[in-house]
file entry-v3.txt (compact mmCIF, C-alpha atoms)
# COMPACT_ATOMS: atom_id res chain seq x y z
CA MET V 183 24.93 54.67 -86.47
CA ASN V 184 28.54 54.35 -87.74
CA GLY V 185 28.23 57.67 -89.53
CA ILE V 186 25.29 56.49 -91.67
CA ARG V 187 22.43 58.94 -91.60
CA PRO V 188 18.99 57.64 -90.63
CA VAL V 189 16.45 57.41 -93.44
CA GLU V 190 14.03 60.31 -93.09
CA ASP V 191 11.50 59.88 -95.90
CA VAL V 192 10.59 56.32 -94.89
CA ALA V 193 9.38 55.18 -91.45
CA GLY V 194 10.00 51.82 -89.87
CA VAL V 195 6.72 50.08 -89.04
CA ILE V 196 6.54 46.98 -86.82
CA LEU V 197 3.43 44.84 -87.00
CA ALA V 198 2.62 43.11 -83.71
CA GLY V 199 -1.05 42.41 -84.16
CA GLY V 200 -0.97 38.64 -84.51
CA LYS V 201 -2.53 36.38 -81.92
CA SER V 202 0.45 33.95 -81.81
CA ARG V 203 -1.92 30.95 -81.84
CA ARG V 204 0.78 28.59 -83.07
CA TYR V 205 3.23 29.72 -80.41
CA GLY V 206 0.77 29.55 -77.52
CA LYS V 207 1.75 32.90 -76.00
CA ASN V 208 2.83 36.33 -77.22
CA LYS V 209 5.86 35.41 -79.31
CA ALA V 210 6.91 39.05 -79.69
CA LEU V 211 8.13 38.89 -76.07
CA VAL V 212 10.01 35.60 -76.47
CA ALA V 213 13.77 36.04 -76.13
CA VAL V 214 16.23 35.00 -78.82
CA GLU V 215 19.83 35.09 -77.65
CA GLY V 216 18.63 36.88 -74.52
CA VAL V 217 16.69 39.68 -76.23
CA PRO V 218 12.91 39.67 -76.85
CA LEU V 219 12.00 39.37 -80.51
CA ILE V 220 10.26 42.71 -80.70
CA GLU V 221 13.20 44.49 -79.09
CA ARG V 222 15.56 42.97 -81.64
CA VAL V 223 13.32 44.21 -84.45
CA ALA V 224 12.94 47.67 -82.90
CA ASP V 225 16.71 48.01 -82.41
CA VAL V 226 17.47 47.25 -86.07
CA LEU V 227 14.77 49.52 -87.43
CA GLY V 228 15.86 52.24 -85.03
CA SER V 229 19.36 52.02 -86.48
CA VAL V 230 18.03 52.60 -90.01
CA PHE V 231 15.05 54.97 -89.74
CA HIS V 232 14.56 58.30 -88.03
CA ARG V 233 11.16 57.12 -86.79
CA VAL V 234 9.77 53.72 -85.86
CA VAL V 235 6.13 53.05 -85.02
CA LEU V 236 4.33 49.97 -83.73
CA VAL V 237 0.95 48.71 -84.93
CA THR V 238 -0.61 46.61 -82.18
CA ASN V 239 -3.98 45.93 -80.62
CA SER V 240 -2.39 45.27 -77.22
CA PRO V 241 -0.35 48.43 -76.56
CA ASP V 242 -0.04 47.83 -72.82
CA GLU V 243 2.33 44.93 -73.54
CA TYR V 244 4.79 47.18 -75.35
CA LYS V 245 4.87 50.38 -73.30
CA HIS V 246 8.48 49.64 -72.34
CA LEU V 247 9.57 50.13 -75.95
CA ARG V 248 8.61 53.83 -75.81
CA LEU V 249 7.47 53.78 -79.43
CA PRO V 250 4.43 55.51 -80.93
CA MET V 251 1.71 52.84 -80.98
CA PHE V 252 -1.44 52.57 -83.07
CA GLU V 253 -4.29 50.07 -83.05
CA ASP V 254 -5.65 48.64 -86.30
CA LEU V 255 -8.03 51.02 -88.02
CA VAL V 256 -10.09 47.99 -89.05
CA LYS V 257 -9.81 44.98 -86.79
CA GLY V 258 -9.64 41.39 -88.01
CA LEU V 259 -7.95 41.91 -91.37
CA GLY V 260 -4.65 40.25 -90.48
CA PRO V 261 -1.44 41.60 -92.04
CA LEU V 262 -3.36 43.64 -94.62
CA GLY V 263 -4.95 45.59 -91.79
CA GLY V 264 -1.56 46.21 -90.23
CA ILE V 265 -0.16 47.54 -93.50
CA LEU V 266 -3.23 49.72 -93.99
CA THR V 267 -2.91 51.15 -90.49
CA GLY V 268 0.85 51.63 -90.68
CA LEU V 269 0.64 53.60 -93.92
CA SER V 270 -2.30 55.64 -92.62
CA VAL V 271 -0.56 56.82 -89.43
CA ILE V 272 2.87 57.75 -90.80
CA THR V 273 3.64 61.10 -92.39
CA GLU V 274 6.64 59.90 -94.40
CA GLU V 275 6.40 59.00 -98.08
CA ALA V 276 6.58 55.28 -97.35
CA GLY V 277 6.88 52.69 -94.63
CA PHE V 278 9.19 49.72 -94.32
CA LEU V 279 6.94 47.12 -92.73
CA VAL V 280 8.16 44.07 -90.86
CA ALA V 281 6.65 41.41 -88.66
CA CYS V 282 7.62 41.40 -85.00
CA ASP V 283 9.02 37.85 -85.09
CA MET V 284 12.06 38.26 -87.36
CA PRO V 285 15.14 38.16 -85.11
CA PHE V 286 17.87 38.60 -87.72
CA LEU V 287 16.92 41.65 -89.75
CA ASN V 288 19.79 42.98 -91.85
CA PRO V 289 20.25 46.77 -91.94
CA ALA V 290 22.24 46.63 -95.20
CA LEU V 291 19.45 44.73 -96.95
CA ILE V 292 16.81 47.10 -95.61
CA ARG V 293 18.79 50.10 -96.85
CA TYR V 294 19.17 48.44 -100.25
CA ILE V 295 15.40 47.95 -100.52
CA ILE V 296 14.90 51.62 -99.65
CA ARG V 297 17.54 52.73 -102.16
CA ILE V 298 16.04 50.92 -105.16
CA ARG V 299 12.44 51.98 -104.65
CA GLY V 300 12.45 54.61 -107.39
CA PRO V 301 8.91 55.11 -108.74
CA PHE V 302 7.58 51.85 -107.32
CA HIS V 303 4.80 51.73 -104.73
CA VAL V 304 5.90 48.35 -103.34
CA VAL V 305 9.38 46.84 -103.08
CA VAL V 306 9.12 43.23 -101.92
CA PRO V 307 11.62 40.36 -101.70
CA ARG V 308 10.85 37.24 -103.71
CA ILE V 309 12.58 34.00 -102.74
CA ARG V 310 11.92 30.85 -104.75
CA GLY V 311 8.65 32.37 -105.89
CA ASP V 312 7.46 33.28 -102.40
CA LEU V 313 6.84 36.92 -101.54
CA GLU V 314 8.07 38.27 -98.20
CA THR V 315 5.23 40.75 -97.80
CA LEU V 316 6.10 41.50 -94.16
CA HIS V 317 9.66 42.53 -94.99
CA ALA V 318 8.84 45.10 -97.63
CA LEU V 319 8.53 48.76 -98.47
CA TYR V 320 5.09 50.24 -99.14
CA SER V 321 4.44 53.76 -100.39
CA ARG V 322 1.52 55.70 -98.96
CA GLN V 323 0.30 55.77 -102.55
CA CYS V 324 -0.85 52.18 -101.92
CA LEU V 325 -3.61 53.38 -99.62
CA PRO V 326 -6.37 53.73 -102.25
CA ALA V 327 -5.73 50.20 -103.53
CA LEU V 328 -5.60 48.84 -99.97
CA TRP V 329 -8.94 50.43 -99.07
CA LYS V 330 -10.43 49.12 -102.31
CA PHE V 331 -9.49 45.57 -101.36
CA VAL V 332 -10.68 45.96 -97.78
CA HIS V 333 -14.09 47.12 -98.99
CA ALA V 334 -14.17 44.18 -101.41
CA GLY V 335 -13.46 41.72 -98.57
CA GLU V 336 -10.14 40.62 -100.09
CA TYR V 337 -7.48 40.46 -97.39
CA GLN V 338 -4.54 38.62 -98.96
CA VAL V 339 -1.72 41.14 -99.18
CA PHE V 340 -0.19 40.06 -102.48
CA ARG V 341 -3.48 40.38 -104.36
CA PHE V 342 -3.45 44.16 -104.28
CA PHE V 343 -0.04 44.19 -105.99
CA LYS V 344 -1.78 44.00 -109.37
CA GLU V 345 -3.14 47.49 -108.68
CA VAL V 346 0.21 49.23 -108.06
CA PRO V 347 3.76 49.33 -109.52
CA VAL V 348 5.83 46.65 -107.78
CA ARG V 349 9.59 46.07 -107.72
CA TYR V 350 10.45 42.47 -106.86
CA VAL V 351 13.81 41.98 -105.15
CA GLU V 352 15.14 38.67 -106.42
CA GLU V 353 17.14 36.13 -104.45
CA ALA V 354 20.50 36.95 -106.03
CA GLU V 355 20.09 40.61 -105.05
CA ILE V 356 19.10 39.64 -101.53
CA ARG V 357 22.04 37.28 -101.09
CA SER V 358 24.48 40.04 -102.01
CA HIS V 359 23.54 41.61 -98.66
CA ASP V 360 22.27 38.61 -96.70
CA PRO V 361 24.01 35.50 -98.07
CA ASP V 362 22.17 33.03 -95.84
CA LEU V 363 18.77 34.73 -96.03
CA ARG V 364 18.72 35.06 -92.26
CA SER V 365 16.53 38.16 -92.52
CA PHE V 366 13.57 35.94 -93.34
CA ILE V 367 13.81 33.55 -90.41
CA ASN V 368 10.73 33.95 -88.28
CA ILE V 369 9.51 32.35 -85.08
CA ASN V 370 6.05 30.79 -85.23
CA ARG V 371 6.34 27.88 -82.79
CA PRO V 372 8.52 27.13 -79.74
CA GLU V 373 10.37 24.45 -81.71
CA ASP V 374 11.50 27.10 -84.21
CA LEU V 375 13.88 28.39 -81.52
CA MET V 376 15.66 25.04 -81.62
CA THR V 377 16.34 25.22 -85.34
CA ILE V 378 17.78 28.73 -85.57
CA PRO V 379 21.10 28.41 -87.40
CA ALA V 380 24.20 29.58 -85.59
CA ASP V 381 25.78 32.86 -86.55
CA PRO V 382 28.08 32.41 -89.55

call {"tool": "encode", "arguments": {"input": "entry-v3.txt", "output": "structure tokens"}}
result
Amino acid sequence: MNGIRPVEDVAGVILAGGKSRRYGKNKALVAVEGVPLIERVADVLGSVFHRVVLVTNSPDEYKHLRLPMFEDLVKGLGPLGGILTGLSVITEEAGFLVACDMPFLNPALIRYIIRIRGPFHVVVPRIRGDLETLHALYSRQCLPALWKFVHAGEYQVFRFFKEVPVRYVEEAEIRSHDPDLRSFININRPEDLMTIPADP
């Protein structure tokens, strides 16, 4: 930990509920630089947070991680369902939620996002207008708005942001911790492994 205390009022939450259709097999278990994607994600979150949980509908595939695992409370909602489940099962004030296919998460950037949350219910990076909703902090206070949108049949994550206070983390802020934006590289297809930039 290098003397840095783990964050205790926020939990790390990994979402591994996707069907990996574009990859053709479970991409969470695909190795990048010799380490499966999901293990890379779990290692980084474990270095930041006192507790890390996994939201997955196929827990048998991840027993080796020895993490608390939870299936979606409502199946078939995509990422929104994972966020809903993650926030429902943690006891901390908030969760930092990430997808399982991001091999270069940056602990300094994650800690920055946690540090600036203040009164906001969501803290989400915004890069060239695009929101990184699966590399973001969500307060448990989002749960009423999330349930409202689920019952309304609206499953796009960013749409519920209009219901809660949101802090957008702009590109200049992000680059001060992650100059090359490597945190947001994700693996969707086998060919993506061929285009991963070398370490700076």

call {"tool": "atom_distance", "arguments": {"input": "entry-v3.txt", "atom1": "atom CA of V:Pro347", "atom2": "atom CA of V:Val305"}}
result
8.9 Å

call {"tool": "closest_residue", "arguments": {"input": "entry-v3.txt", "among": "V:Ile367, V:Leu279, V:Ile296, V:Leu227", "to": "V:Leu249", "atoms": "only C-alpha atoms"}}
result
V:Leu227

call {"tool": "closest_residue", "arguments": {"input": "entry-v3.txt", "among": "V:His317, V:Arg322, V:Lys209, V:Arg248", "to": "V:Ala224", "atoms": "all atoms listed in the file"}}
result
V:Arg248

call {"tool": "residues_around", "arguments": {"input": "entry-v3.txt", "residues": "V:Cys282", "least_positions_apart": "3", "cutoff": "7 Å", "atoms": "only C-alpha atoms", "output": "PyMOL selection string"}}
result
chain V and resi 196-198+210+219-220+223

call {"tool": "atom_distance", "arguments": {"input": "entry-v3.txt", "atom1": "atom CA of V:Val348", "atom2": "atom CA of V:Arg308"}}
result
11.4 Å

call {"tool": "atom_distance", "arguments": {"input": "entry-v3.txt", "atom1": "atom CA of V:Gly300", "atom2": "atom CA of V:Ser321"}}
result
10.7 Å

call {"tool": "closest_residue", "arguments": {"input": "entry-v3.txt", "among": "V:Leu266, V:Ala276, V:Leu236, V:Leu255", "to": "V:Ala193", "atoms": "all atoms listed in the file"}}
result
V:Ala276

call {"tool": "closest_residue", "arguments": {"input": "entry-v3.txt", "among": "V:Arg364, V:Arg341, V:Arg233, V:His359", "to": "V:Ile272", "atoms": "only C-alpha atoms"}}
result
V:Arg233

call {"tool": "closest_residue", "arguments": {"input": "entry-v3.txt", "among": "V:Gly277, V:Pro361, V:Pro326, V:Gly335", "to": "V:Asp191", "atoms": "all atoms listed in the file"}}
result
V:Gly277

call {"tool": "residues_around", "arguments": {"input": "entry-v3.txt", "residues": "V:Gly311", "least_positions_apart": "6", "cutoff": "12 Å", "atoms": "all atoms listed in the file", "output": "PyMOL selection string"}}
result
chain V and resi 350-353

call {"tool": "closest_residue", "arguments": {"input": "entry-v3.txt", "among": "V:Gly199, V:Pro285, V:Pro307, V:Gly194", "to": "V:Val214", "atoms": "all atoms listed in the file"}}
result
V:Pro285

call {"tool": "residues_near_point", "arguments": {"input": "entry-v3.txt", "point": "(-5.6, 44.4, -80.7)", "cutoff": "8 Å", "atoms": "all atoms listed in the file", "output": "JSON, numbers by chain"}}
result
{"V": [199, 238, 239, 240, 241, 253, 254, 257]}

call {"tool": "closest_atom_pairs", "arguments": {"input": "entry-v3.txt", "of": "stretch 203-321 of chain V", "to": "stretch 329-333 of chain V", "cutoff": "12 Å", "atoms": "all atoms listed in the file", "output": "tab-separated table"}}
result
residue	atom	partner	partner_atom	distance
V:Leu255	CA	V:Trp329	CA	11.1
V:Val256	CA	V:Val332	CA	9.0
V:Lys257	CA	V:Val332	CA	11.1
V:Gly258	CA	V:Val332	CA	10.8
V:Leu259	CA	V:Val332	CA	8.1
V:Gly260	CA	V:Val332	CA	11.1
V:Pro261	CA	V:Val332	CA	11.7
V:Leu262	CA	V:Val332	CA	8.3
V:Gly263	CA	V:Val332	CA	8.3
V:Gly264	CA	V:Val332	CA	11.8
V:Ile265	CA	V:Trp329	CA	10.8
V:Leu266	CA	V:Trp329	CA	7.7
V:Thr267	CA	V:Trp329	CA	10.5
V:Leu269	CA	V:Trp329	CA	11.3
V:Ser270	CA	V:Trp329	CA	10.6

call {"tool": "build_atoms", "arguments": {"input": "entry-v3.txt", "residues": "stretch 298-314 of chain V", "atoms": "N, CA, C and O atoms", "output": "PDB file, in the frame of the given file"}}
result
ATOM      1  N   ILE V 298      16.464  51.281-103.807  1.00  0.00           N
ATOM      2  CA  ILE V 298      16.040  50.920-105.160  1.00  0.00           C
ATOM      3  C   ILE V 298      14.570  51.217-105.434  1.00  0.00           C
ATOM      4  O   ILE V 298      14.057  50.875-106.485  1.00  0.00           O
ATOM      5  N   ARG V 299      13.902  51.886-104.506  1.00  0.00           N
ATOM      6  CA  ARG V 299      12.440  51.980-104.650  1.00  0.00           C
ATOM      7  C   ARG V 299      12.011  52.818-105.850  1.00  0.00           C
ATOM      8  O   ARG V 299      10.975  52.531-106.442  1.00  0.00           O
ATOM      9  N   GLY V 300      12.784  53.834-106.212  1.00  0.00           N
ATOM     10  CA  GLY V 300      12.450  54.610-107.390  1.00  0.00           C
ATOM     11  C   GLY V 300      10.971  54.988-107.447  1.00  0.00           C
ATOM     12  O   GLY V 300      10.410  55.477-106.463  1.00  0.00           O
ATOM     13  N   PRO V 301      10.315  54.731-108.590  1.00  0.00           N
ATOM     14  CA  PRO V 301       8.910  55.110-108.740  1.00  0.00           C
ATOM     15  C   PRO V 301       7.929  54.053-108.234  1.00  0.00           C
ATOM     16  O   PRO V 301       6.715  54.224-108.367  1.00  0.00           O
ATOM     17  N   PHE V 302       8.446  52.963-107.678  1.00  0.00           N
ATOM     18  CA  PHE V 302       7.580  51.850-107.320  1.00  0.00           C
ATOM     19  C   PHE V 302       6.818  52.123-106.021  1.00  0.00           C
ATOM     20  O   PHE V 302       7.310  52.799-105.119  1.00  0.00           O
ATOM     21  N   HIS V 303       5.616  51.579-105.936  1.00  0.00           N
ATOM     22  CA  HIS V 303       4.800  51.730-104.730  1.00  0.00           C
ATOM     23  C   HIS V 303       5.068  50.611-103.728  1.00  0.00           C
ATOM     24  O   HIS V 303       4.780  50.780-102.543  1.00  0.00           O
ATOM     25  N   VAL V 304       5.554  49.484-104.208  1.00  0.00           N
ATOM     26  CA  VAL V 304       5.900  48.350-103.340  1.00  0.00           C
ATOM     27  C   VAL V 304       7.260  47.833-103.784  1.00  0.00           C
ATOM     28  O   VAL V 304       7.522  47.709-104.982  1.00  0.00           O
ATOM     29  N   VAL V 305       8.123  47.537-102.803  1.00  0.00           N
ATOM     30  CA  VAL V 305       9.380  46.840-103.080  1.00  0.00           C
ATOM     31  C   VAL V 305       9.403  45.635-102.149  1.00  0.00           C
ATOM     32  O   VAL V 305       9.463  45.788-100.927  1.00  0.00           O
ATOM     33  N   VAL V 306       9.327  44.434-102.732  1.00  0.00           N
ATOM     34  CA  VAL V 306       9.120  43.230-101.920  1.00  0.00           C
ATOM     35  C   VAL V 306      10.088  42.126-102.343  1.00  0.00           C
ATOM     36  O   VAL V 306      10.253  41.853-103.531  1.00  0.00           O
ATOM     37  N   PRO V 307      10.755  41.493-101.375  1.00  0.00           N
ATOM     38  CA  PRO V 307      11.620  40.360-101.700  1.00  0.00           C
ATOM     39  C   PRO V 307      10.817  39.172-102.223  1.00  0.00           C
ATOM     40  O   PRO V 307       9.685  38.916-101.774  1.00  0.00           O
ATOM     41  N   ARG V 308      11.451  38.455-103.173  1.00  0.00           N
ATOM     42  CA  ARG V 308      10.850  37.240-103.710  1.00  0.00           C
ATOM     43  C   ARG V 308      11.904  36.146-103.691  1.00  0.00           C
ATOM     44  O   ARG V 308      12.940  36.247-104.340  1.00  0.00           O
ATOM     45  N   ILE V 309      11.620  35.098-102.919  1.00  0.00           N
ATOM     46  CA  ILE V 309      12.580  34.000-102.740  1.00  0.00           C
ATOM     47  C   ILE V 309      11.913  32.695-103.171  1.00  0.00           C
ATOM     48  O   ILE V 309      10.901  32.298-102.604  1.00  0.00           O
ATOM     49  N   ARG V 310      12.475  32.091-104.191  1.00  0.00           N
ATOM     50  CA  ARG V 310      11.920  30.850-104.750  1.00  0.00           C
ATOM     51  C   ARG V 310      10.413  30.992-105.012  1.00  0.00           C
ATOM     52  O   ARG V 310       9.622  30.094-104.727  1.00  0.00           O
ATOM     53  N   GLY V 311      10.046  32.133-105.524  1.00  0.00           N
ATOM     54  CA  GLY V 311       8.650  32.370-105.890  1.00  0.00           C
ATOM     55  C   GLY V 311       7.770  32.871-104.766  1.00  0.00           C
ATOM     56  O   GLY V 311       6.635  33.284-105.017  1.00  0.00           O
ATOM     57  N   ASP V 312       8.261  32.830-103.537  1.00  0.00           N
ATOM     58  CA  ASP V 312       7.460  33.280-102.400  1.00  0.00           C
ATOM     59  C   ASP V 312       7.754  34.735-102.079  1.00  0.00           C
ATOM     60  O   ASP V 312       8.920  35.152-102.026  1.00  0.00           O
ATOM     61  N   LEU V 313       6.704  35.504-101.844  1.00  0.00           N
ATOM     62  CA  LEU V 313       6.840  36.920-101.540  1.00  0.00           C
ATOM     63  C   LEU V 313       6.939  37.135-100.025  1.00  0.00           C
ATOM     64  O   LEU V 313       6.155  36.564 -99.260  1.00  0.00           O
ATOM     65  N   GLU V 314       7.894  37.938 -99.617  1.00  0.00           N
ATOM     66  CA  GLU V 314       8.070  38.270 -98.200  1.00  0.00           C
ATOM     67  C   GLU V 314       7.365  39.600 -97.942  1.00  0.00           C
ATOM     68  O   GLU V 314       7.980  40.659 -97.827  1.00  0.00           O
TER      69      GLU V 314
END
